[in-house]
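The file model_19.pdb comes next; it holds PDB, C-alpha atoms.
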ATOM      1  CA  MET A 722     -11.495  -0.810   1.069  1.00  0.00           C
ATOM      2  CA  ARG A 723     -12.454  -1.550   4.646  1.00  0.00           C
ATOM      3  CA  VAL A 724     -12.385  -5.264   3.872  1.00  0.00           C
ATOM      4  CA  ARG A 725      -8.834  -4.996   2.536  1.00  0.00           C
ATOM      5  CA  ARG A 726      -7.758  -3.098   5.672  1.00  0.00           C
ATOM      6  CA  ARG A 727      -9.342  -5.725   7.949  1.00  0.00           C
ATOM      7  CA  ILE A 728      -7.723  -8.599   6.051  1.00  0.00           C
ATOM      8  CA  ILE A 729      -4.316  -6.937   6.201  1.00  0.00           C
ATOM      9  CA  MET A 730      -4.781  -6.215   9.929  1.00  0.00           C
ATOM     10  CA  ILE A 731      -5.767  -9.819  10.642  1.00  0.00           C
ATOM     11  CA  LEU A 732      -2.777 -11.112   8.681  1.00  0.00           C
ATOM     12  CA  LEU A 733      -0.520  -8.694  10.533  1.00  0.00           C
ATOM     13  CA  ILE A 734      -1.892  -9.850  13.894  1.00  0.00           C
ATOM     14  CA  PHE A 735      -1.280 -13.501  12.969  1.00  0.00           C
ATOM     15  CA  PHE A 736       2.211 -12.684  11.710  1.00  0.00           C
ATOM     16  CA  CYS A 737       3.125 -10.793  14.905  1.00  0.00           C
ATOM     17  CA  PHE A 738       1.634 -13.539  17.054  1.00  0.00           C
ATOM     18  CA  LEU A 739       3.671 -16.174  15.223  1.00  0.00           C
ATOM     19  CA  LEU A 740       6.840 -14.097  15.515  1.00  0.00           C
ATOM     20  CA  GLN A 741       6.260 -13.447  19.206  1.00  0.00           C
ATOM     21  CA  SER A 742       5.465 -17.031  20.080  1.00  0.00           C
ATOM     22  CA  THR A 743       8.204 -18.699  18.028  1.00  0.00           C
ATOM     23  CA  LEU A 744      11.177 -16.699  16.803  1.00  0.00           C
ATOM     24  CA  PHE A 745      11.269 -14.073  19.546  1.00  0.00           C
ATOM     25  CA  GLN A 746      10.827 -16.673  22.306  1.00  0.00           C
ATOM     26  CA  SER A 747      13.717 -18.822  21.149  1.00  0.00           C
ATOM     27  CA  THR A 748      16.148 -16.932  18.931  1.00  0.00           C
ATOM     28  CA  PHE A 749      15.846 -13.312  20.046  1.00  0.00           C
ATOM     29  CA  ALA A 750      15.151 -13.847  23.748  1.00  0.00           C
ATOM     30  CA  VAL A 751      17.659 -12.094  25.980  1.00  0.00           C
ATOM     31  CA  ALA A 752      17.888 -13.498  29.524  1.00  0.00           C
ATOM     32  CA  ASP A 753      14.609 -15.369  28.923  1.00  0.00           C
ATOM     33  CA  VAL A 754      12.833 -12.096  28.105  1.00  0.00           C
ATOM     34  CA  ALA A 755      11.236 -11.396  24.731  1.00  0.00           C
ATOM     35  CA  PRO A 756       9.585  -8.232  23.424  1.00  0.00           C
ATOM     36  CA  ASN A 757       5.817  -8.048  23.462  1.00  0.00           C
ATOM     37  CA  LEU A 758       4.873  -7.504  19.823  1.00  0.00           C
ATOM     38  CA  MET A 759       1.166  -7.625  20.576  1.00  0.00           C
ATOM     39  CA  VAL A 760       1.473  -4.618  22.890  1.00  0.00           C
ATOM     40  CA  ILE A 761       3.371  -2.763  20.147  1.00  0.00           C
ATOM     41  CA  LEU A 762       0.712  -3.649  17.579  1.00  0.00           C
ATOM     42  CA  THR A 763      -2.234  -2.836  19.844  1.00  0.00           C
ATOM     43  CA  VAL A 764      -0.860   0.527  20.979  1.00  0.00           C
ATOM     44  CA  SER A 765       0.221   1.470  17.460  1.00  0.00           C
ATOM     45  CA  PHE A 766      -3.163   0.785  15.910  1.00  0.00           C
ATOM     46  CA  GLY A 767      -4.917   2.441  18.835  1.00  0.00           C
ATOM     47  CA  LEU A 768      -2.857   5.571  18.207  1.00  0.00           C
ATOM     48  CA  MET A 769      -3.036   5.521  14.415  1.00  0.00           C
ATOM     49  CA  ARG A 770      -6.663   4.450  13.967  1.00  0.00           C
ATOM     50  CA  GLY A 771      -8.504   5.114  17.250  1.00  0.00           C
ATOM     51  CA  LYS A 772     -10.179   3.172  20.046  1.00  0.00           C
ATOM     52  CA  ARG A 773     -12.191   0.797  17.884  1.00  0.00           C
ATOM     53  CA  GLU A 774      -9.189  -0.407  15.839  1.00  0.00           C
ATOM     54  CA  GLY A 775      -7.016  -0.659  18.958  1.00  0.00           C
ATOM     55  CA  MET A 776      -9.644  -2.770  20.687  1.00  0.00           C
ATOM     56  CA  PHE A 777     -10.074  -4.982  17.601  1.00  0.00           C
ATOM     57  CA  VAL A 778      -6.341  -5.635  17.320  1.00  0.00           C
ATOM     58  CA  GLY A 779      -6.066  -6.168  21.075  1.00  0.00           C
ATOM     59  CA  PHE A 780      -8.983  -8.565  21.197  1.00  0.00           C
ATOM     60  CA  LEU A 781      -7.816 -10.704  18.297  1.00  0.00           C
ATOM     61  CA  GLY A 782      -4.217 -10.811  19.533  1.00  0.00           C
ATOM     62  CA  GLY A 783      -5.352 -11.538  23.083  1.00  0.00           C
ATOM     63  CA  ILE A 784      -7.694 -14.347  22.043  1.00  0.00           C
ATOM     64  CA  LEU A 785      -4.873 -15.948  20.067  1.00  0.00           C
ATOM     65  CA  SER A 786      -2.611 -15.725  23.111  1.00  0.00           C
ATOM     66  CA  ASP A 787      -5.321 -17.138  25.357  1.00  0.00           C
ATOM     67  CA  LEU A 788      -6.139 -20.013  23.017  1.00  0.00           C
ATOM     68  CA  PHE A 789      -2.539 -21.123  22.674  1.00  0.00           C
ATOM     69  CA  PHE A 790      -0.906 -20.187  25.984  1.00  0.00           C
ATOM     70  CA  GLY A 791      -3.468 -18.903  28.482  1.00  0.00           C
ATOM     71  CA  SER A 792      -4.949 -20.686  31.430  1.00  0.00           C
ATOM     72  CA  ALA A 793      -8.157 -18.609  31.390  1.00  0.00           C
ATOM     73  CA  LEU A 794      -9.812 -17.794  28.080  1.00  0.00           C
ATOM     74  CA  GLY A 795     -10.312 -14.077  27.675  1.00  0.00           C
ATOM     75  CA  PHE A 796      -7.946 -12.720  30.333  1.00  0.00           C
ATOM     76  CA  THR A 797      -5.155 -11.675  27.965  1.00  0.00           C
ATOM     77  CA  ALA A 798      -7.739 -10.501  25.445  1.00  0.00           C
ATOM     78  CA  LEU A 799      -9.287  -8.262  28.111  1.00  0.00           C
ATOM     79  CA  LEU A 800      -5.886  -6.769  28.962  1.00  0.00           C
ATOM     80  CA  TYR A 801      -5.123  -6.027  25.315  1.00  0.00           C
ATOM     81  CA  VAL A 802      -8.611  -4.574  24.726  1.00  0.00           C
ATOM     82  CA  ILE A 803      -8.113  -2.221  27.684  1.00  0.00           C
ATOM     83  CA  ILE A 804      -4.693  -1.217  26.322  1.00  0.00           C
ATOM     84  CA  GLY A 805      -6.131  -0.580  22.843  1.00  0.00           C
ATOM     85  CA  TYR A 806      -9.040   1.403  24.253  1.00  0.00           C
ATOM     86  CA  CYS A 807      -6.881   3.589  26.497  1.00  0.00           C
ATOM     87  CA  CYS A 808      -4.332   4.302  23.782  1.00  0.00           C
ATOM     88  CA  GLY A 809      -7.141   5.089  21.349  1.00  0.00           C
ATOM     89  CA  PHE A 810      -7.912   8.186  23.409  1.00  0.00           C
ATOM     90  CA  CYS A 811      -4.657   9.713  22.153  1.00  0.00           C
ATOM     91  CA  TYR A 812      -5.721   9.269  18.520  1.00  0.00           C
ATOM     92  CA  ARG A 813      -6.828  12.905  18.136  1.00  0.00           C
ATOM     93  CA  ILE A 814      -3.643  14.412  19.616  1.00  0.00           C
ATOM     94  CA  PHE A 815      -1.263  12.032  17.892  1.00  0.00           C
ATOM     95  CA  TYR A 816       1.269  13.139  15.282  1.00  0.00           C
ATOM     96  CA  ASP A 817       2.560  10.381  13.010  1.00  0.00           C
ATOM     97  CA  ASP A 818       6.147  11.563  12.826  1.00  0.00           C
ATOM     98  CA  ASP A 819       6.610  11.998  16.575  1.00  0.00           C
ATOM     99  CA  VAL A 820       7.879   8.710  17.990  1.00  0.00           C
ATOM    100  CA  LYS A 821       7.969   9.844  21.635  1.00  0.00           C
ATOM    101  CA  MET A 822       4.268   9.322  22.334  1.00  0.00           C
ATOM    102  CA  PRO A 823       4.131   5.755  20.954  1.00  0.00           C
ATOM    103  CA  VAL A 824       7.294   4.805  22.845  1.00  0.00           C
ATOM    104  CA  ILE A 825       5.973   6.223  26.120  1.00  0.00           C
ATOM    105  CA  LEU A 826       2.541   4.614  25.692  1.00  0.00           C
ATOM    106  CA  ILE A 827       4.081   1.267  24.758  1.00  0.00           C
ATOM    107  CA  ALA A 828       6.368   1.404  27.799  1.00  0.00           C
ATOM    108  CA  VAL A 829       3.480   2.262  30.137  1.00  0.00           C
ATOM    109  CA  SER A 830       1.216  -0.355  28.521  1.00  0.00           C
ATOM    110  CA  ASP A 831       3.873  -3.053  28.800  1.00  0.00           C
ATOM    111  CA  ILE A 832       4.453  -2.265  32.479  1.00  0.00           C
ATOM    112  CA  GLY A 833       0.688  -2.343  33.056  1.00  0.00           C
ATOM    113  CA  TYR A 834       0.384  -5.622  31.166  1.00  0.00           C
ATOM    114  CA  GLY A 835       3.247  -7.201  33.136  1.00  0.00           C
ATOM    115  CA  THR A 836       1.862  -5.984  36.458  1.00  0.00           C
ATOM    116  CA  ALA A 837      -1.635  -7.279  35.680  1.00  0.00           C
ATOM    117  CA  MET A 838      -0.211 -10.642  34.609  1.00  0.00           C
ATOM    118  CA  TYR A 839       1.719 -10.845  37.876  1.00  0.00           C
ATOM    119  CA  LEU A 840      -1.248  -9.825  40.019  1.00  0.00           C
ATOM    120  CA  PHE A 841      -3.719 -12.252  38.512  1.00  0.00           C
ATOM    121  CA  GLN A 842      -1.490 -15.189  37.632  1.00  0.00           C
ATOM    122  CA  PHE A 843       1.215 -15.264  40.283  1.00  0.00           C
ATOM    123  CA  LEU A 844       0.040 -13.288  43.303  1.00  0.00           C
ATOM    124  CA  LEU A 845      -3.239 -15.181  43.504  1.00  0.00           C
ATOM    125  CA  ARG A 846      -1.224 -18.419  43.679  1.00  0.00           C
ATOM    126  CA  GLY A 847       0.697 -17.170  46.707  1.00  0.00           C
ATOM    127  CA  ARG A 848       3.874 -15.974  45.003  1.00  0.00           C
ATOM    128  CA  VAL A 849       4.557 -12.611  46.585  1.00  0.00           C
ATOM    129  CA  GLU A 850       7.984 -11.746  45.158  1.00  0.00           C
ATOM    130  CA  PHE A 851       6.723  -8.743  43.180  1.00  0.00           C
ATOM    131  CA  PHE A 852       9.972  -6.792  43.196  1.00  0.00           C
ATOM    132  CA  PHE A 853      11.871  -9.851  42.007  1.00  0.00           C
ATOM    133  CA  TYR A 854       9.359 -10.256  39.150  1.00  0.00           C
ATOM    134  CA  LEU A 855       9.511  -6.524  38.444  1.00  0.00           C
ATOM    135  CA  ARG A 856      13.309  -6.545  38.300  1.00  0.00           C
ATOM    136  CA  ARG A 857      13.695  -9.794  36.355  1.00  0.00           C
ATOM    137  CA  VAL A 858      10.718  -9.783  33.975  1.00  0.00           C
ATOM    138  CA  ILE A 859       8.636  -6.587  33.784  1.00  0.00           C
ATOM    139  CA  ILE A 860      11.389  -3.959  33.448  1.00  0.00           C
ATOM    140  CA  PRO A 861      13.636  -5.971  31.056  1.00  0.00           C
ATOM    141  CA  GLU A 862      10.628  -6.864  28.872  1.00  0.00           C
ATOM    142  CA  MET A 863       9.576  -3.216  28.794  1.00  0.00           C
ATOM    143  CA  ILE A 864      13.071  -2.091  27.762  1.00  0.00           C
ATOM    144  CA  TYR A 865      13.317  -4.777  25.088  1.00  0.00           C
ATOM    145  CA  THR A 866       9.837  -3.932  23.796  1.00  0.00           C
ATOM    146  CA  VAL A 867      10.703  -0.223  23.577  1.00  0.00           C
ATOM    147  CA  VAL A 868      13.895  -0.987  21.632  1.00  0.00           C
ATOM    148  CA  VAL A 869      11.972  -3.181  19.178  1.00  0.00           C
ATOM    149  CA  THR A 870       9.301  -0.470  18.960  1.00  0.00           C
ATOM    150  CA  LEU A 871      11.782   1.938  17.414  1.00  0.00           C
ATOM    151  CA  VAL A 872      12.012  -0.355  14.362  1.00  0.00           C
ATOM    152  CA  VAL A 873       8.564  -1.959  14.227  1.00  0.00           C
ATOM    153  CA  TYR A 874       6.628   1.270  14.739  1.00  0.00           C
ATOM    154  CA  ARG A 875       8.129   2.837  11.619  1.00  0.00           C
ATOM    155  CA  LEU A 876       7.087  -0.193   9.568  1.00  0.00           C
ATOM    156  CA  LEU A 877       3.555  -0.077  10.978  1.00  0.00           C
ATOM    157  CA  LEU A 878       3.376   3.643  10.247  1.00  0.00           C
ATOM    158  CA  LEU A 879       4.399   3.074   6.620  1.00  0.00           C
ATOM    159  CA  LEU A 880       1.826   0.296   6.285  1.00  0.00           C
ATOM    160  CA  ASN A 881      -0.893   2.495   7.771  1.00  0.00           C
ATOM    161  CA  ARG A 882      -0.072   5.376   5.438  1.00  0.00           C
ATOM    162  CA  ARG A 883      -0.157   3.092   2.429  1.00  0.00           C
ATOM    163  CA  LEU A 884      -3.528   1.673   3.480  1.00  0.00           C
ATOM    164  CA  GLU A 885      -4.950   5.153   4.026  1.00  0.00           C
ATOM    165  CA  ARG A 886      -3.880   6.265   0.546  1.00  0.00           C
ATOM    166  CA  ARG A 887      -5.850   3.449  -1.033  1.00  0.00           C
TER     167      ARG A 887
END
I'd like the structure from this file rewritten - as structure tokens, please.
Amino acid sequence: MRVRRRIIMILLIFFCFLLQSTLFQSTFAVADVAPNLMVILTVSFGLMRGKREGMFVGFLGGILSDLFFGSALGFTALLYVIIGYCCGFCYRIFYDDDVKMPVILIAVSDIGYGTAMYLFQFLLRGRVEFFFYLRRVIIPEMIYTVVVTLVVYRLLLLLNRRLERR
């Protein structure tokens, strides 16, 4: 049973990565901003399954992002692992039907992810327009990610319930 869960999780990570890097970047991008499906997936599995699952999903999704788009191998993976670990703390107090906690954690995680990306990829290169980046990239991406969360989270919750029954 654990093997089936891992295989389905890995396939889901690949599917979300492909969606995020292809379809959402070109077709569904609004003002050059796309939702961050990997944050949604990492936070959701951290909440539904705990720290270990959140870190696993975050690491695999982050390594994929680093391999295909990153300039430093492991940076995005580290960010996603931290997100999965932190959200895994809420596993014990989490109620499946309540969508407020996942939405709030995804919003906070996406802002943290965007801020860390700015600090380590743009600020270190001398670009100091943080409020411009916040206004044009971080906040719109967070809003778009939260809107997509309202649909995707329900699907992930159904998948998790089905896997737990088996």
Handout entry: Val724 in chain A environment, 12 Å, all atoms listed in the file, sequence neighbours closer than 4 positions dropped, as a VMD selection string
Key = chain A and resid 728 to 731 884 887
Can I get the selection written as a PDB file, in the coordinates of the input, with C-alpha atoms?
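New file out-v3.pdb:
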ATOM      1  CA  ILE A 728      -7.723  -8.599   6.051  1.00  0.00           C
ATOM      2  CA  ILE A 729      -4.316  -6.937   6.201  1.00  0.00           C
ATOM      3  CA  MET A 730      -4.781  -6.215   9.929  1.00  0.00           C
ATOM      4  CA  ILE A 731      -5.767  -9.819  10.642  1.00  0.00           C
ATOM      5  CA  LEU A 884      -3.528   1.673   3.480  1.00  0.00           C
ATOM      6  CA  ARG A 887      -5.850   3.449  -1.033  1.00  0.00           C
TER       7      ARG A 887
END
Applying 10 Å and only C-alpha atoms, which residues near Val858 in chain A remain after dropping the ones on its own chain fewer than 5 positions away? List them as a short mmCIF file (atom, residue, chain, number, x, y, z; two decimals) with C-alpha atoms, keeping the file's coordinate frame.
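File produced: result_33.cif:
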data_model
loop_
_atom_site.label_atom_id
_atom_site.label_comp_id
_atom_site.auth_asym_id
_atom_site.auth_seq_id
_atom_site.Cartn_x
_atom_site.Cartn_y
_atom_site.Cartn_z
CA ALA A 752 17.89 -13.50 29.52
CA ASP A 753 14.61 -15.37 28.92
CA VAL A 754 12.83 -12.10 28.10
CA ALA A 755 11.24 -11.40 24.73
CA ILE A 832 4.45 -2.26 32.48
CA GLY A 835 3.25 -7.20 33.14
CA THR A 836 1.86 -5.98 36.46
CA TYR A 839 1.72 -10.84 37.88
CA PHE A 852 9.97 -6.79 43.20
CA PHE A 853 11.87 -9.85 42.01
CA MET A 863 9.58 -3.22 28.79
#
Do you know which residues lie at most 8 Å from (-1.0, 1.2, 22.1), with coordinates as in the file and all atoms listed in the file counted, and could you write them as a tab-separated table (two decimals) with C-alpha atoms, in the coordinates of the input?
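This is the output file result_19.tsv:
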chain	number	residue	atom	x	y	z
A	760	VAL	CA	1.47	-4.62	22.89
A	761	ILE	CA	3.37	-2.76	20.15
A	762	LEU	CA	0.71	-3.65	17.58
A	763	THR	CA	-2.23	-2.84	19.84
A	764	VAL	CA	-0.86	0.53	20.98
A	765	SER	CA	0.22	1.47	17.46
A	766	PHE	CA	-3.16	0.78	15.91
A	767	GLY	CA	-4.92	2.44	18.84
A	768	LEU	CA	-2.86	5.57	18.21
A	775	GLY	CA	-7.02	-0.66	18.96
A	804	ILE	CA	-4.69	-1.22	26.32
A	805	GLY	CA	-6.13	-0.58	22.84
A	807	CYS	CA	-6.88	3.59	26.50
A	808	CYS	CA	-4.33	4.30	23.78
A	809	GLY	CA	-7.14	5.09	21.35
A	823	PRO	CA	4.13	5.76	20.95
A	826	LEU	CA	2.54	4.61	25.69
A	827	ILE	CA	4.08	1.27	24.76
A	830	SER	CA	1.22	-0.36	28.52
Exercise for the section: Name the residues that the PyMOL selection byres ((chain A and resi 783-798) around 10) pulls out of this structure, and write them as a PyMOL selection string. Expected result: chain A and resi 734-735+738-739+741-742+759-760+763+776-782+799-804+834+837-838+841-842
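Take CA of Pro756 in chain A and CA of Pro861 in chain A: the distance between them is 8.9 Å.
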